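Have a look at target.cif below; it lists mmCIF, C-alpha atoms and all ligand atoms; chains and numbers go by the auth columns.
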```cif
data_input
loop_
_atom_site.group_PDB
_atom_site.id
_atom_site.type_symbol
_atom_site.label_atom_id
_atom_site.label_comp_id
_atom_site.label_asym_id
_atom_site.label_seq_id
_atom_site.Cartn_x
_atom_site.Cartn_y
_atom_site.Cartn_z
_atom_site.B_iso_or_equiv
_atom_site.auth_seq_id
_atom_site.auth_asym_id
ATOM 1 C CA MET A 1 19.080 6.794 10.100 0.00 1 X
ATOM 2 C CA SER A 2 17.785 4.563 7.383 0.00 2 X
ATOM 3 C CA VAL A 3 14.758 3.548 5.380 0.00 3 X
ATOM 4 C CA LEU A 4 13.324 0.171 6.417 0.00 4 X
ATOM 5 C CA ASN A 5 11.393 -2.412 4.398 0.00 5 X
ATOM 6 C CA VAL A 6 7.617 -2.102 4.674 0.00 6 X
ATOM 7 C CA ALA A 7 5.669 -5.285 5.449 0.00 7 X
ATOM 8 C CA ARG A 8 2.900 -5.956 2.937 0.00 8 X
ATOM 9 C CA LEU A 9 -0.402 -7.656 3.646 0.00 9 X
ATOM 10 C CA GLY A 10 0.265 -11.355 4.068 0.00 10 X
ATOM 11 C CA HIS A 11 3.288 -10.806 6.308 0.00 11 X
ATOM 12 C CA PRO A 12 2.321 -12.391 9.654 0.00 12 X
ATOM 13 C CA VAL A 13 3.599 -9.381 11.654 0.00 13 X
ATOM 14 C CA LEU A 14 0.643 -7.337 10.378 0.00 14 X
ATOM 15 C CA ARG A 15 -1.752 -9.745 12.100 0.00 15 X
ATOM 16 C CA GLN A 16 0.033 -9.890 15.459 0.00 16 X
ATOM 17 C CA LYS A 17 -0.771 -7.873 18.571 0.00 17 X
ATOM 18 C CA ALA A 18 2.185 -5.558 19.162 0.00 18 X
ATOM 19 C CA GLU A 19 4.059 -5.581 22.490 0.00 19 X
ATOM 20 C CA PRO A 20 4.025 -2.517 24.778 0.00 20 X
ATOM 21 C CA VAL A 21 7.250 -0.509 24.809 0.00 21 X
ATOM 22 C CA ASP A 22 9.295 -0.561 28.035 0.00 22 X
ATOM 23 C CA LEU A 23 9.375 3.155 28.947 0.00 23 X
ATOM 24 C CA ASN A 24 12.650 2.808 30.885 0.00 24 X
ATOM 25 C CA ALA A 25 14.324 1.380 27.799 0.00 25 X
ATOM 26 C CA LEU A 26 12.731 4.149 25.679 0.00 26 X
ATOM 27 C CA VAL A 27 14.428 6.932 27.648 0.00 27 X
ATOM 28 C CA ALA A 28 17.687 5.145 28.550 0.00 28 X
ATOM 29 C CA PRO A 29 20.663 7.420 27.772 0.00 29 X
ATOM 30 C CA GLY A 30 23.380 6.471 25.312 0.00 30 X
ATOM 31 C CA GLU A 31 23.026 4.196 22.323 0.00 31 X
ATOM 32 C CA ASN A 32 19.279 3.546 22.273 0.00 32 X
ATOM 33 C CA GLU A 33 17.807 0.985 19.916 0.00 33 X
ATOM 34 C CA LEU A 34 14.209 2.232 20.372 0.00 34 X
ATOM 35 C CA GLN A 35 15.100 5.839 19.565 0.00 35 X
ATOM 36 C CA ARG A 36 16.953 4.632 16.475 0.00 36 X
ATOM 37 C CA LEU A 37 13.893 2.618 15.446 0.00 37 X
ATOM 38 C CA ILE A 38 11.714 5.751 15.785 0.00 38 X
ATOM 39 C CA ASP A 39 14.161 7.743 13.619 0.00 39 X
ATOM 40 C CA ASP A 40 14.138 4.963 11.022 0.00 40 X
ATOM 41 C CA MET A 41 10.324 4.836 11.066 0.00 41 X
ATOM 42 C CA VAL A 42 10.222 8.599 10.362 0.00 42 X
ATOM 43 C CA ASP A 43 12.637 8.130 7.453 0.00 43 X
ATOM 44 C CA THR A 44 10.604 5.228 6.097 0.00 44 X
ATOM 45 C CA MET A 45 7.281 7.067 6.369 0.00 45 X
ATOM 46 C CA ARG A 46 8.692 10.090 4.540 0.00 46 X
ATOM 47 C CA ASP A 47 10.410 7.964 1.903 0.00 47 X
ATOM 48 C CA GLU A 48 7.107 6.177 1.192 0.00 48 X
ATOM 49 C CA ASP A 49 5.091 9.433 1.200 0.00 49 X
ATOM 50 C CA GLY A 50 2.977 8.111 4.046 0.00 50 X
ATOM 51 C CA VAL A 51 1.006 10.148 6.551 0.00 51 X
ATOM 52 C CA GLY A 52 1.546 7.645 9.302 0.00 52 X
ATOM 53 C CA ILE A 53 3.361 4.446 10.106 0.00 53 X
ATOM 54 C CA ALA A 54 3.117 1.817 12.835 0.00 54 X
ATOM 55 C CA ALA A 55 6.077 -0.282 14.014 0.00 55 X
ATOM 56 C CA PRO A 56 4.551 -3.581 12.767 0.00 56 X
ATOM 57 C CA GLN A 57 4.710 -2.090 9.269 0.00 57 X
ATOM 58 C CA VAL A 58 8.498 -2.107 9.546 0.00 58 X
ATOM 59 C CA VAL A 59 8.381 -5.641 10.974 0.00 59 X
ATOM 60 C CA ARG A 60 8.757 -4.637 14.634 0.00 60 X
ATOM 61 C CA SER A 61 5.900 -5.864 16.783 0.00 61 X
ATOM 62 C CA LEU A 62 5.971 -2.893 19.174 0.00 62 X
ATOM 63 C CA GLN A 63 3.357 -0.303 20.137 0.00 63 X
ATOM 64 C CA ILE A 64 4.793 2.728 18.349 0.00 64 X
ATOM 65 C CA VAL A 65 2.897 4.941 15.908 0.00 65 X
ATOM 66 C CA ILE A 66 4.127 8.012 14.039 0.00 66 X
ATOM 67 C CA VAL A 67 2.041 10.541 12.143 0.00 67 X
ATOM 68 C CA GLU A 68 3.006 13.562 10.063 0.00 68 X
ATOM 69 C CA TYR A 69 1.281 15.401 7.279 0.00 69 X
ATOM 70 C CA ARG A 70 2.304 18.472 5.359 0.00 70 X
ATOM 71 C CA THR A 71 -0.330 19.907 3.054 0.00 71 X
ATOM 72 C CA ASN A 72 0.517 19.373 -0.577 0.00 72 X
ATOM 73 C CA GLU A 73 -1.165 19.969 -3.905 0.00 73 X
ATOM 74 C CA ARG A 74 -2.412 16.420 -4.258 0.00 74 X
ATOM 75 C CA TYR A 75 -4.514 16.502 -1.095 0.00 75 X
ATOM 76 C CA PRO A 76 -5.201 20.183 -0.390 0.00 76 X
ATOM 77 C CA ASP A 77 -8.232 19.567 1.830 0.00 77 X
ATOM 78 C CA GLN A 78 -6.413 17.736 4.600 0.00 78 X
ATOM 79 C CA ASP A 79 -5.239 19.533 7.747 0.00 79 X
ATOM 80 C CA GLU A 80 -1.517 19.664 8.472 0.00 80 X
ATOM 81 C CA ILE A 81 -0.283 17.309 11.181 0.00 81 X
ATOM 82 C CA PRO A 82 3.086 18.008 12.811 0.00 82 X
ATOM 83 C CA LEU A 83 5.445 15.055 13.320 0.00 83 X
ATOM 84 C CA THR A 84 4.211 13.242 16.428 0.00 84 X
ATOM 85 C CA VAL A 85 5.336 9.956 17.977 0.00 85 X
ATOM 86 C CA PHE A 86 2.804 7.957 20.014 0.00 86 X
ATOM 87 C CA VAL A 87 4.238 5.222 22.233 0.00 87 X
ATOM 88 C CA ASN A 88 1.823 2.665 23.760 0.00 88 X
ATOM 89 C CA PRO A 89 -1.223 4.580 22.436 0.00 89 X
ATOM 90 C CA VAL A 90 -4.699 3.680 23.694 0.00 90 X
ATOM 91 C CA ILE A 91 -8.032 5.042 22.489 0.00 91 X
ATOM 92 C CA THR A 92 -9.873 5.955 25.689 0.00 92 X
ATOM 93 C CA ARG A 93 -12.962 7.568 24.165 0.00 93 X
ATOM 94 C CA SER A 94 -14.703 7.427 20.782 0.00 94 X
ATOM 95 C CA SER A 95 -17.581 9.614 19.625 0.00 95 X
ATOM 96 C CA ASP A 96 -20.873 8.023 18.593 0.00 96 X
ATOM 97 C CA GLU A 97 -20.841 10.287 15.575 0.00 97 X
ATOM 98 C CA THR A 98 -18.998 8.747 12.642 0.00 98 X
ATOM 99 C CA SER A 99 -17.471 9.932 9.389 0.00 99 X
ATOM 100 C CA SER A 100 -16.302 8.147 6.250 0.00 100 X
ATOM 101 C CA PHE A 101 -12.954 8.578 4.576 0.00 101 X
ATOM 102 C CA TRP A 102 -11.093 6.911 1.728 0.00 102 X
ATOM 103 C CA GLU A 103 -8.086 5.247 3.331 0.00 103 X
ATOM 104 C CA GLY A 104 -4.921 3.873 1.844 0.00 104 X
ATOM 105 C CA CYS A 105 -2.142 1.957 3.560 0.00 105 X
ATOM 106 C CA LEU A 106 1.587 1.529 2.933 0.00 106 X
ATOM 107 C CA SER A 107 1.067 -2.189 3.524 0.00 107 X
ATOM 108 C CA LEU A 108 -1.702 -2.384 0.897 0.00 108 X
ATOM 109 C CA LYS A 109 0.022 -0.252 -1.687 0.00 109 X
ATOM 110 C CA ASP A 110 -2.227 1.538 -4.212 0.00 110 X
ATOM 111 C CA LEU A 111 -5.537 0.257 -2.807 0.00 111 X
ATOM 112 C CA ARG A 112 -8.086 2.683 -1.382 0.00 112 X
ATOM 113 C CA GLY A 113 -11.186 1.819 0.587 0.00 113 X
ATOM 114 C CA ARG A 114 -13.989 3.784 2.158 0.00 114 X
ATOM 115 C CA VAL A 115 -14.006 3.265 5.910 0.00 115 X
ATOM 116 C CA THR A 116 -16.440 4.590 8.499 0.00 116 X
ATOM 117 C CA ARG A 117 -14.990 5.369 11.930 0.00 117 X
ATOM 118 C CA PRO A 118 -15.824 7.488 14.996 0.00 118 X
ATOM 119 C CA ARG A 119 -15.395 11.154 14.090 0.00 119 X
ATOM 120 C CA GLU A 120 -13.564 12.063 17.310 0.00 120 X
ATOM 121 C CA VAL A 121 -11.338 10.055 19.609 0.00 121 X
ATOM 122 C CA THR A 122 -9.291 10.650 22.740 0.00 122 X
ATOM 123 C CA VAL A 123 -5.895 8.962 22.702 0.00 123 X
ATOM 124 C CA GLU A 124 -3.579 8.467 25.670 0.00 124 X
ATOM 125 C CA ALA A 125 0.037 7.687 24.892 0.00 125 X
ATOM 126 C CA TYR A 126 3.638 8.542 25.739 0.00 126 X
ATOM 127 C CA SER A 127 5.949 10.793 23.747 0.00 127 X
ATOM 128 C CA ARG A 128 9.347 9.531 22.596 0.00 128 X
ATOM 129 C CA GLN A 129 10.728 11.267 25.714 0.00 129 X
ATOM 130 C CA GLY A 130 8.439 9.088 27.834 0.00 130 X
ATOM 131 C CA GLU A 131 6.042 11.898 28.783 0.00 131 X
ATOM 132 C CA LYS A 132 2.359 11.102 29.143 0.00 132 X
ATOM 133 C CA MET A 133 0.144 12.734 26.524 0.00 133 X
ATOM 134 C CA VAL A 134 -3.627 12.931 26.186 0.00 134 X
ATOM 135 C CA VAL A 135 -4.912 14.210 22.854 0.00 135 X
ATOM 136 C CA GLU A 136 -8.439 14.771 21.610 0.00 136 X
ATOM 137 C CA VAL A 137 -8.513 14.604 17.843 0.00 137 X
ATOM 138 C CA GLN A 138 -11.073 14.796 15.094 0.00 138 X
ATOM 139 C CA GLY A 139 -11.231 14.811 11.311 0.00 139 X
ATOM 140 C CA PHE A 140 -8.275 13.587 9.319 0.00 140 X
ATOM 141 C CA LEU A 141 -5.945 13.124 12.312 0.00 141 X
ATOM 142 C CA ALA A 142 -8.592 11.004 14.045 0.00 142 X
ATOM 143 C CA VAL A 143 -8.755 8.792 10.946 0.00 143 X
ATOM 144 C CA VAL A 144 -4.974 8.449 10.743 0.00 144 X
ATOM 145 C CA LEU A 145 -4.541 7.675 14.439 0.00 145 X
ATOM 146 C CA GLN A 146 -7.319 5.066 14.489 0.00 146 X
ATOM 147 C CA HIS A 147 -5.871 3.437 11.360 0.00 147 X
ATOM 148 C CA GLU A 148 -2.380 3.298 12.885 0.00 148 X
ATOM 149 C CA ILE A 149 -3.536 2.075 16.297 0.00 149 X
ATOM 150 C CA ASP A 150 -5.457 -0.682 14.485 0.00 150 X
ATOM 151 C CA HIS A 151 -2.087 -1.860 13.115 0.00 151 X
ATOM 152 C CA LEU A 152 -0.964 -2.445 16.723 0.00 152 X
ATOM 153 C CA HIS A 153 -3.873 -4.867 17.120 0.00 153 X
ATOM 154 C CA GLY A 154 -3.323 -6.785 13.898 0.00 154 X
ATOM 155 C CA ILE A 155 -6.167 -4.968 12.119 0.00 155 X
ATOM 156 C CA VAL A 156 -5.980 -3.435 8.627 0.00 156 X
ATOM 157 C CA PHE A 157 -8.503 -1.042 7.086 0.00 157 X
ATOM 158 C CA LEU A 158 -10.064 -3.801 4.962 0.00 158 X
ATOM 159 C CA ASP A 159 -11.326 -5.381 8.197 0.00 159 X
ATOM 160 C CA ARG A 160 -13.216 -2.154 8.981 0.00 160 X
ATOM 161 C CA MET A 161 -14.958 -1.928 5.600 0.00 161 X
ATOM 162 C CA LYS A 162 -18.680 -2.668 5.478 0.00 162 X
ATOM 163 C CA ASP A 163 -19.019 -2.510 1.683 0.00 163 X
ATOM 164 C CA LEU A 164 -16.241 -3.946 -0.471 0.00 164 X
ATOM 165 C CA THR A 165 -17.674 -2.294 -3.600 0.00 165 X
ATOM 166 C CA GLN A 166 -16.027 0.785 -2.036 0.00 166 X
ATOM 167 C CA LEU A 167 -12.561 -0.702 -2.545 0.00 167 X
ATOM 168 C CA ALA A 168 -10.516 0.232 -5.591 0.00 168 X
ATOM 169 C CA PHE A 169 -7.049 0.988 -6.876 0.00 169 X
ATOM 170 C CA ALA A 170 -6.044 4.643 -6.671 0.00 170 X
ATOM 171 C CA ASP A 171 -5.552 4.999 -10.445 0.00 171 X
ATOM 172 C CA GLU A 172 -8.986 3.549 -11.209 0.00 172 X
ATOM 173 C CA LEU A 173 -10.610 5.850 -8.659 0.00 173 X
ATOM 174 C CA LYS A 174 -9.022 8.787 -10.409 0.00 174 X
ATOM 175 C CA THR A 175 -10.174 7.553 -13.825 0.00 175 X
ATOM 176 C CA TYR A 176 -13.699 6.343 -13.176 0.00 176 X
ATOM 177 C CA TRP A 177 -14.975 7.985 -10.002 0.00 177 X
ATOM 178 C CA THR A 178 -15.859 11.616 -9.395 0.00 178 X
ATOM 179 C CA GLU A 179 -14.101 13.487 -6.600 0.00 179 X
ATOM 180 C CA GLU A 180 -17.422 13.569 -4.798 0.00 180 X
ATOM 181 C CA GLU A 181 -17.608 9.778 -4.895 0.00 181 X
ATOM 182 C CA ALA A 182 -13.981 9.260 -3.899 0.00 182 X
ATOM 183 C CA ALA A 183 -11.868 12.174 -2.725 0.00 183 X
ATOM 184 C CA PRO A 184 -8.177 11.406 -3.276 0.00 184 X
ATOM 185 C CA SER A 185 -6.378 10.385 -0.107 0.00 185 X
ATOM 186 C CA PRO A 186 -2.784 9.699 0.937 0.00 186 X
ATOM 187 C CA GLU A 187 -1.490 6.383 2.258 0.00 187 X
ATOM 188 C CA ILE A 188 -1.409 5.915 5.994 0.00 188 X
HETATM 189 ZN ZN ZN B . -1.781 1.238 7.275 0.00 201 V
#
```
In structure tokens, write the structure found in this file.
Ligand code: ZN
Amino acid sequence: MSVLNVARLGHPVLRQKAEPVDLNALVAPGENELQRLIDDMVDTMRDEDGVGIAAPQVVRSLQIVIVEYRTNERYPDQDEIPLTVFVNPVITRSSDETSSFWEGCLSLKDLRGRVTRPREVTVEAYSRQGEKMVVEVQGFLAVVLQHEIDHLHGIVFLDRMKDLTQLAFADELKTYWTEEEAAPSPEI
């Protein structure tokens, strides 16, 4: 297992539409390049202190997303998210109700922006074992999953922002904004 380089905004891979994963190749026994990629993505996400990572962020244009969040002192309000791998994820339902959250991104290091998204979504995907999953999520996990699935479509959180005055560096937010104005948030 190893830590991979993270593509930063400006790398063309972040603007490409990622290819679906071949599920037969995903579960093929023996030396398996896709399973190794997933392990390396987990290592990279943890090394970067991210809450999620999408394969294009490690310069692989494939439809794989990983999320994991363990509560820590810096962001005590967020729910824990166990390590979960989503292969070929699709959002099949979005609520009309929306919520706003300050998002960060490993590919836009240190920037934070306020993004409004559907509060609840249903996501269909496959596990790393190739099993079909359907999950209904809300709150923080819904934010993380929508952010990561956007990466598979060449979209970054800046594209979702309606008001660019709500974009700032994390240090400046901490210095000049109240927690009510800008709750601290991890990178996704
Ligand atoms: Zn991101």
Got a sec: who's within 7 Å of stretch 144-147 of chain X, counting all atoms listed in the file, leaving out chain neighbours fewer than 6 positions off, as a list in words? Gly52, Phe157 and Ile188 of chain X
Within 8 Å of ligand ZN 201 (chain V), counting only C-alpha atoms and all ligand atoms, which protein or nucleic acid residues do you find, written as a ChimeraX atom specification? /X:52-54,57,104-108,147-148,151,156-157,187-188
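Taken over the shown file, the PyMOL selection byres (((chain X and resi 64) around 7) and not hetatm) identifies Ala54, Ala55, Leu62, Gln63, Val65, Ile66, Phe86, Val87 and Asn88 of chain X.
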Could you jot down the atom CA of X:Glu181 to atom CA of X:Arg70 separation for me, Å, one decimal place?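 Atom CA of X:Glu181 sits 24.0 Å away from atom CA of X:Arg70.
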From atom CA of X:Val21 to atom CA of X:Ile91 the spacing works out at 16.4 Å
Counting only C-alpha atoms, which residue out of X:Phe140, X:His153, X:Thr165, X:Thr92 sits closest to X:Asp79?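 Selected residue with least distance to X:Asp79: X:Phe140.
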Work out how far apart atom CA of X:Val58 and atom CA of X:Asp22 are and give it in Å to one decimal. 18.6 Å
Would you please work out which residue, of X:Ala183, X:Ala25, X:Leu164, X:Leu83, is nearest to X:Met41 when using only C-alpha atoms? X:Leu83
Looking at all atoms listed in the file, which of X:Leu26, X:Ala168, X:Pro184, X:Leu173 is the one that sits closest to X:Tyr126? X:Leu26
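This file, filtered with the PyMOL selection byres (((chain X and resi 174) around 12) and not hetatm), gives the residues Arg74, Asp110, Leu111, Arg112, Ala168, Phe169, Ala170, Asp171, Glu172, Leu173, Thr175, Tyr176, Trp177, Thr178, Glu179, Glu180, Glu181, Ala182, Ala183, Pro184 and Ser185 of chain X.
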Mind giving me the axis-aligned box for stretch 148-156 of chain X with 4 Å on every side, centre plus edges in Å to one decimal, as lines of an AutoDock Vina configuration file?
```
center_x = -3.6
center_y = -1.7
center_z = 12.9
size_x = 13.2
size_y = 18.1
size_z = 16.5
```
For the structure provided, state which residues fall under the PyMOL selection byres (((chain X and resi 96) around 9) and not hetatm), and present them as a ChimeraX atom specification. /X:94-95,97-98,118-120
Just want the 8 Å neighbourhood of X:Ala7, counted on all atoms listed in the file, with same-chain residues fewer than 2 positions away dropped. Output as a PyMOL selection string. chain X and resi 5+9+11+13-14+56-59+107
Neighbours of X:Gln16 within 8 Å (only C-alpha atoms; same-chain residues fewer than 4 positions away dropped), as a VMD selection string? chain X and resid 12 61 152 to 154
Neighbours of point (16.7, 4.3, 16.5) within 12 Å, using all atoms listed in the file, written as a PyMOL selection string: chain X and resi 1-4+25-27+30-43+55+128
